[in-house]
>>> print(open('query-v2.txt').read())   # compact mmCIF, C-alpha atoms
# COMPACT_ATOMS: atom_id res chain seq x y z
CA TYR A 1 -37.71 96.33 150.73
CA GLY A 2 -38.17 92.63 151.33
CA MET A 3 -40.09 90.54 153.80
CA LYS A 4 -39.25 87.12 155.20
CA ARG A 5 -41.91 85.25 157.12
CA PHE A 6 -41.28 82.25 159.38
CA PRO A 7 -44.69 80.56 159.74
CA LYS A 8 -43.72 78.00 162.43
CA SER A 9 -42.43 80.67 164.82
CA SER A 10 -44.92 83.36 163.66
CA GLU A 11 -42.12 85.86 163.02
CA GLN A 12 -41.68 88.41 160.23
CA TYR A 13 -38.64 90.39 159.17
CA ARG A 14 -38.98 93.37 156.85
CA ILE A 15 -35.59 94.49 155.61
CA SER A 16 -34.80 97.59 153.59
CA GLY A 17 -31.51 99.05 152.52
CA ARG A 18 -29.17 99.70 149.63
CA LEU A 19 -28.44 97.21 146.88
CA GLN A 20 -25.21 96.71 144.99
CA PHE A 21 -24.80 94.54 141.90
CA ILE A 22 -21.56 92.79 140.99
CA GLY A 23 -21.03 92.04 137.31
CA SER A 24 -18.19 90.51 135.32
CA ASN A 25 -15.99 93.61 135.80
CA GLY A 26 -16.81 94.21 139.46
CA PRO A 27 -19.37 96.52 141.09
CA LEU A 28 -21.76 98.20 138.66
CA TYR A 29 -21.45 101.18 141.01
CA SER A 30 -19.36 101.63 144.10
CA TYR A 31 -20.72 101.52 147.64
CA PRO A 32 -20.40 103.52 149.73
CA ASP A 33 -20.06 106.57 147.52
CA GLY A 34 -16.55 106.55 146.18
CA GLU A 35 -14.35 104.24 144.16
CA ALA A 36 -13.97 100.60 145.10
CA SER A 37 -10.39 99.50 145.75
CA GLU A 38 -8.72 96.88 143.59
CA GLN A 39 -8.70 94.56 146.61
CA SER A 40 -12.46 94.90 147.14
CA ILE A 41 -13.15 94.44 143.41
CA ASN A 42 -11.10 91.23 143.41
CA TYR A 43 -12.96 90.05 146.52
CA PHE A 44 -16.36 90.74 144.93
CA LEU A 45 -15.36 88.97 141.71
CA ALA A 46 -14.17 85.91 143.64
CA GLU A 47 -17.44 85.81 145.61
CA ARG A 48 -19.45 86.14 142.38
CA LYS A 49 -17.51 83.24 140.86
CA GLN A 50 -18.10 81.13 143.98
CA GLN A 51 -21.84 81.86 143.97
CA TRP A 52 -21.96 80.89 140.29
CA GLY A 53 -20.26 77.59 141.07
CA ASN A 54 -22.68 76.93 143.95
CA LEU A 55 -25.69 77.03 141.62
CA SER A 56 -27.19 73.78 140.39
CA ASP A 57 -26.43 72.80 136.79
CA MET A 58 -30.03 73.54 135.77
CA ALA A 59 -29.91 77.00 137.36
CA ARG A 60 -26.67 77.83 135.51
CA GLU A 61 -28.22 76.76 132.19
CA GLN A 62 -30.95 79.38 132.55
CA PHE A 63 -28.42 82.18 132.20
CA TYR A 64 -27.51 81.02 128.68
CA TRP A 65 -31.01 80.91 127.22
CA GLU A 66 -31.82 83.79 124.90
CA ASN A 67 -34.92 85.95 125.16
CA PRO A 68 -36.28 85.09 128.61
CA GLY A 69 -40.02 85.38 128.97
CA ILE A 70 -40.97 84.55 125.39
CA PRO A 71 -43.15 81.50 124.69
CA PHE A 72 -41.21 78.25 124.92
CA THR A 73 -40.74 76.11 121.85
CA SER A 74 -39.00 72.80 122.23
CA THR A 75 -36.65 72.96 119.28
CA TRP A 76 -33.11 71.72 119.22
CA GLU A 77 -32.04 74.85 117.33
CA GLU A 78 -32.97 77.11 120.27
CA ALA A 79 -31.24 74.94 122.86
CA LYS A 80 -28.04 74.17 120.94
CA GLY A 81 -26.20 77.25 122.22
CA VAL A 82 -26.99 76.43 125.85
CA PRO A 83 -24.08 74.57 127.46
CA THR A 84 -25.38 71.57 129.39
CA GLY A 85 -25.20 72.35 133.09
CA GLY A 86 -23.24 75.51 132.34
CA ARG A 87 -20.21 73.27 131.84
CA ASP A 88 -17.60 72.80 129.10
CA GLU A 89 -16.86 69.55 127.20
CA GLU A 90 -14.60 68.38 130.05
CA GLY A 91 -17.34 68.90 132.64
CA LYS A 92 -15.77 71.99 134.24
CA VAL A 93 -18.07 74.83 135.25
CA LEU A 94 -17.86 77.68 132.75
CA PRO A 95 -17.09 81.21 133.99
CA PRO A 96 -20.19 83.23 134.88
CA PRO A 97 -21.71 84.96 131.84
CA ASP A 98 -22.37 88.72 131.80
CA THR A 99 -26.04 87.98 132.46
CA PHE A 100 -25.18 86.69 135.96
CA LEU A 101 -25.14 89.46 138.57
CA MET A 102 -24.49 89.00 142.28
CA MET A 103 -26.70 91.22 144.43
CA LEU A 104 -25.56 92.49 147.83
CA LEU A 105 -27.92 94.05 150.35
CA TYR A 106 -26.60 96.60 152.82
CA PRO A 107 -29.47 96.77 155.34
CA THR A 108 -30.38 100.14 156.79
CA LYS A 109 -33.65 99.20 158.50
CA ILE A 110 -34.96 95.95 159.98
CA ASP A 111 -38.54 95.74 161.17
CA TYR A 112 -39.10 92.64 163.32
CA LEU A 113 -42.56 91.39 164.31
CA ARG A 114 -43.30 88.40 166.53
CA LEU A 115 -47.00 87.62 166.12
CA GLY A 116 -47.25 85.26 169.10
CA ASP A 117 -46.97 88.07 171.66
CA ASN A 118 -47.23 91.13 169.35
CA PHE A 119 -43.63 92.20 169.99
CA ARG A 120 -42.30 94.57 167.36
CA GLN A 121 -38.87 96.19 167.15
CA ILE A 122 -37.33 98.45 164.53
CA ASP A 123 -33.57 98.61 164.10
CA GLU A 124 -32.20 101.45 161.96
CA TRP A 125 -28.68 102.27 160.86
CA ASP A 126 -27.67 105.70 162.15
CA TRP A 127 -25.12 107.25 159.80
CA GLY A 128 -23.69 109.41 162.60
CA GLY A 129 -24.35 112.89 161.32
CA GLU A 130 -22.24 114.91 158.95
CA ASP A 131 -18.87 113.32 159.68
CA ASP A 132 -20.12 109.68 159.78
CA SER A 133 -17.76 109.09 162.71
CA VAL A 134 -20.23 107.33 165.02
CA CYS A 135 -22.24 104.96 162.84
CA GLN A 136 -24.30 102.43 164.76
CA TRP A 137 -27.56 100.52 164.93
CA LYS A 138 -30.35 102.10 166.96
CA SER A 139 -33.23 99.99 168.23
CA LYS A 140 -36.66 100.93 169.42
CA ARG A 141 -39.67 98.90 170.41
CA VAL A 142 -42.88 100.03 168.74
CA ASN A 143 -46.53 99.03 168.78
CA PRO A 144 -47.33 96.17 166.38
>>> encode(input="query-v2.txt", output="structure tokens")
Amino acid sequence: YGMKRFPKSSEQYRISGRLQFIGSNGPLYSYPDGEASEQSINYFLAERKQQWGNLSDMAREQFYWENPGIPFTSTWEEAKGVPTGGRDEEGKVLPPPDTFLMMLLYPTKIDYLRLGDNFRQIDEWDWGGEDDSVCQWKSKRVNP
């Protein structure tokens, strides 16, 4: 469950759903229930690599530091294993380490609130019953 607020427009979105994590070998579990195809695994891995490359150099470096959350000490010994900018000696971006996971959200419920006029709407994913043949979004306006 996450919330995004837009203060200038006085809007809020509360989104809930299922999460999927993509690691160095593909999905850590498959979604929906069942095995992911080789094509979808390759797609997820390519997207993970692209997201890794889109990070700033400083953000990439954080994934190489050991023991996150412990008190910081500014010693060269601790930082020597951290590749500058997450790049090799030639300046090319290194492949994403195992500590880098890409997270995908499959929304199943969106709760929208517009504070200016107290409009609220809830959109929920309807799985379509037992056979899942008629999956669709269903919307309803509710009191704020």
>>> atom_distance(input="query-v2.txt", atom1="CA of Met103 (chain A)", atom2="CA of Gln50 (chain A)")
13.3 Å
>>> residues_around(input="query-v2.txt", residues="region 107-113 of chain A", least_positions_apart="5", cutoff="8 Å", atoms="all atoms listed in the file", output="JSON, numbers by chain")
{"A": [11, 12, 13, 14, 15, 16, 17, 18, 118, 119, 120, 121, 122, 123, 124, 125, 144]}
>>> atom_distance(input="query-v2.txt", atom1="CA of Val93 (chain A)", atom2="CA of Asn54 (chain A)")
10.1 Å
>>> residues_around(input="query-v2.txt", residues="Glu38 (chain A)", least_positions_apart="4", cutoff="12 Å", atoms="only C-alpha atoms", output="list of chain:residue names")
A:Asn25, A:Gly26, A:Pro27, A:Ser30, A:Asn42, A:Tyr43, A:Phe44, A:Leu45
>>> write_last_selection(input="query-v2.txt", atoms="C-alpha atoms", output="compact mmCIF listing (two decimals), in the frame of the given file")
# COMPACT_ATOMS: atom_id res chain seq x y z
CA ASN A 25 -15.99 93.61 135.80
CA GLY A 26 -16.81 94.21 139.46
CA PRO A 27 -19.37 96.52 141.09
CA SER A 30 -19.36 101.63 144.10
CA ASN A 42 -11.10 91.23 143.41
CA TYR A 43 -12.96 90.05 146.52
CA PHE A 44 -16.36 90.74 144.93
CA LEU A 45 -15.36 88.97 141.71
>>> residues_around(input="query-v2.txt", residues="Leu104 (chain A)", least_positions_apart="5", cutoff="9 Å", atoms="all atoms listed in the file", output="list in words")
Arg18, Leu19, Gln20, Phe21 and Ile22 of chain A
>>> write_last_selection(input="query-v2.txt", atoms="C-alpha atoms", output="mmCIF file, in the coordinates of the input")
data_model
loop_
_atom_site.group_PDB
_atom_site.id
_atom_site.type_symbol
_atom_site.label_atom_id
_atom_site.label_comp_id
_atom_site.auth_asym_id
_atom_site.auth_seq_id
_atom_site.Cartn_x
_atom_site.Cartn_y
_atom_site.Cartn_z
ATOM 1 C CA ARG A 18 -29.170 99.700 149.630
ATOM 2 C CA LEU A 19 -28.440 97.210 146.880
ATOM 3 C CA GLN A 20 -25.210 96.710 144.990
ATOM 4 C CA PHE A 21 -24.800 94.540 141.900
ATOM 5 C CA ILE A 22 -21.560 92.790 140.990
#
>>> closest_residue(input="query-v2.txt", among="A:Val82, A:Ile70, A:Ala36, A:Cys135", to="Met58 (chain A)", atoms="only C-alpha atoms")
A:Val82
>>> atom_distance(input="query-v2.txt", atom1="CA of Trp52 (chain A)", atom2="CA of Pro95 (chain A)")
8.0 Å
